[in-house]
Amino acid sequence: MMKTTLQTLANKWNSYKYRFVPWIALNLGKNERTLRHVRERSQDKLISDEVVSASLLKLFRALFKSDLFRQKEVLSFLPASVQSAYQDTLTPCQFINRADHYNDKGASFFSNEVMLDTLGFSIHRAPSSLLSAGRGVFVAKGTVPKGTVVSMYPGTVYQTHEPIFFQSIRNPFVFRCIDGVLIDGNDNGISKVVFRSCSGRDRLGPFKLSDITWLTTAPENPLAVGQYVNNCSNEKSANVCYQEFDVPAEFPVELRQYLPNVNYRHDIQRPLRCVILVALRDIQQGEELFSNYYTIVH
């Protein structure tokens, strides 16, 4: 009995340690390649914010168009010019009830197919290639070109003065931005409850301003699995890096339903913070994504 308990604890620790900052800090000398050096916050950009925004809009518009049957109410509240822009590009097979097919294929099937058609690749969660590292994120189909947005880090966004103590207990999914803003990407427990509550609070009539489906096994935004990207090692070098992105005010309201982030407080007078992962090189089908958790800002 004792042996089984110790083995269970050891397995949990081996999975957790790759996300445990003190463990990473103690192992920096052994794993120099796992460090991510940033000279200044402005140099944290591998690609421009304009490119990030264009990539997200391209995918989100394709997701929206692929599901217009369910989006009819949202569409009816948009200006006529915006409605026609969506409808004029449709083929008859696109205006179907996608939910009729969920039972046998699942919602994520369609999202991943849209992603593959739109971006040329798709990603999925699966057991990591790292020993005892739990789940990771892999390129399922296609090839990810260097400099491409390959994933997003979902979760509740906390400003530096906001309470996150209880949510952070035994939580390996809290991401710290360079300016101290925190993103809680845990899809279980109190973190899950908080995100659902904040997302429901911010709904604007028929418009959902954030996506809660990343809390499930079938996210409608297929990019929203970045919290499961594991830290690199000397044997598994990083092929993606984190980049902070503030959602511009002009981001289309009908497409905000695919943003997997929400502010903890609704009265924050600053853009919504998102974190995306960008490919550092071409990444082939079947490869696992690896990032640099530990960032040193000079």
# chains A, B, ... in the order shown; residues from 1 in each chain; ligands from 1

$ residues_around --residues "region 74-85 of chain A" --least-positions-apart "5" --cutoff "10 Å" --atoms "only C-alpha atoms" --output "number ranges by chain"
A: 64, 68-69, 90, 205-208, 253-254

$ residues_around --residues "region 172-187 of chain A" --least-positions-apart "2" --cutoff "6 Å" --atoms "only C-alpha atoms" --output "ChimeraX atom specification"
/A:19,154-160,191-192,215,227

$ select_by_dssp --residues "region 26-273 of chain A" --states "helix (DSSP H, G or I)" --output "PyMOL selection string"
chain A and resi 26+32-34+41-43+49-65+72-76+80-87+92-94+98-105+107-119+165-168+189-201+213-215+226-228+253-258

$ closest_residue --among "A:Phe245, A:Phe166, A:Phe290, A:Phe121" --to "Pro271 (chain A)" --atoms "only C-alpha atoms"
A:Phe245

$ residues_around --residues "region 126-141 of chain A" --least-positions-apart "4" --cutoff "6 Å" --atoms "only C-alpha atoms" --output "list in words"
Asn14, Ser15, Phe121, Ser122, Tyr228, Val229, Asn230, Gln285, Gly286, Glu287, Glu288 and Leu289 of chain A

$ write_last_selection --atoms "N, CA, C and O atoms" --output "PDB file, in the first residue's frame"
ATOM      1  N   ASN A  14       6.728  13.940 -11.127  1.00  0.00           N
ATOM      2  CA  ASN A  14       7.427  13.912 -12.414  1.00  0.00           C
ATOM      3  C   ASN A  14       6.642  14.652 -13.487  1.00  0.00           C
ATOM      4  O   ASN A  14       7.217  15.253 -14.393  1.00  0.00           O
ATOM      5  N   SER A  15       5.323  14.613 -13.378  1.00  0.00           N
ATOM      6  CA  SER A  15       4.482  15.345 -14.324  1.00  0.00           C
ATOM      7  C   SER A  15       4.477  16.829 -14.000  1.00  0.00           C
ATOM      8  O   SER A  15       4.505  17.684 -14.882  1.00  0.00           O
ATOM      9  N   PHE A 121      -2.376  23.496 -41.163  1.00  0.00           N
ATOM     10  CA  PHE A 121      -1.961  22.529 -40.153  1.00  0.00           C
ATOM     11  C   PHE A 121      -3.038  22.458 -39.077  1.00  0.00           C
ATOM     12  O   PHE A 121      -3.907  23.333 -38.979  1.00  0.00           O
ATOM     13  N   SER A 122      -2.991  21.422 -38.274  1.00  0.00           N
ATOM     14  CA  SER A 122      -3.856  21.314 -37.104  1.00  0.00           C
ATOM     15  C   SER A 122      -3.043  20.739 -35.953  1.00  0.00           C
ATOM     16  O   SER A 122      -2.005  20.110 -36.170  1.00  0.00           O
ATOM     17  N   TYR A 228      -0.997  23.275 -22.399  1.00  0.00           N
ATOM     18  CA  TYR A 228      -0.482  21.908 -22.336  1.00  0.00           C
ATOM     19  C   TYR A 228       0.838  21.733 -23.088  1.00  0.00           C
ATOM     20  O   TYR A 228       1.351  20.611 -23.179  1.00  0.00           O
ATOM     21  N   VAL A 229       1.382  22.812 -23.612  1.00  0.00           N
ATOM     22  CA  VAL A 229       2.699  22.733 -24.252  1.00  0.00           C
ATOM     23  C   VAL A 229       3.753  22.592 -23.157  1.00  0.00           C
ATOM     24  O   VAL A 229       3.830  23.422 -22.239  1.00  0.00           O
ATOM     25  N   ASN A 230       4.557  21.564 -23.236  1.00  0.00           N
ATOM     26  CA  ASN A 230       5.547  21.283 -22.194  1.00  0.00           C
ATOM     27  C   ASN A 230       6.836  22.077 -22.381  1.00  0.00           C
ATOM     28  O   ASN A 230       7.148  22.545 -23.478  1.00  0.00           O
ATOM     29  N   GLN A 285       4.574  17.488 -39.197  1.00  0.00           N
ATOM     30  CA  GLN A 285       3.500  16.638 -38.683  1.00  0.00           C
ATOM     31  C   GLN A 285       4.064  15.570 -37.744  1.00  0.00           C
ATOM     32  O   GLN A 285       5.075  14.944 -38.032  1.00  0.00           O
ATOM     33  N   GLY A 286       3.416  15.407 -36.597  1.00  0.00           N
ATOM     34  CA  GLY A 286       3.838  14.414 -35.619  1.00  0.00           C
ATOM     35  C   GLY A 286       4.767  14.950 -34.549  1.00  0.00           C
ATOM     36  O   GLY A 286       4.957  14.299 -33.514  1.00  0.00           O
ATOM     37  N   GLU A 287       5.358  16.138 -34.745  1.00  0.00           N
ATOM     38  CA  GLU A 287       6.268  16.703 -33.751  1.00  0.00           C
ATOM     39  C   GLU A 287       5.493  17.278 -32.573  1.00  0.00           C
ATOM     40  O   GLU A 287       4.419  17.854 -32.733  1.00  0.00           O
ATOM     41  N   GLU A 288       6.074  17.156 -31.383  1.00  0.00           N
ATOM     42  CA  GLU A 288       5.497  17.778 -30.201  1.00  0.00           C
ATOM     43  C   GLU A 288       6.004  19.210 -30.078  1.00  0.00           C
ATOM     44  O   GLU A 288       7.147  19.515 -30.444  1.00  0.00           O
ATOM     45  N   LEU A 289       5.160  20.084 -29.555  1.00  0.00           N
ATOM     46  CA  LEU A 289       5.551  21.471 -29.328  1.00  0.00           C
ATOM     47  C   LEU A 289       6.250  21.593 -27.975  1.00  0.00           C
ATOM     48  O   LEU A 289       5.779  21.041 -26.971  1.00  0.00           O
TER      49      LEU A 289
END
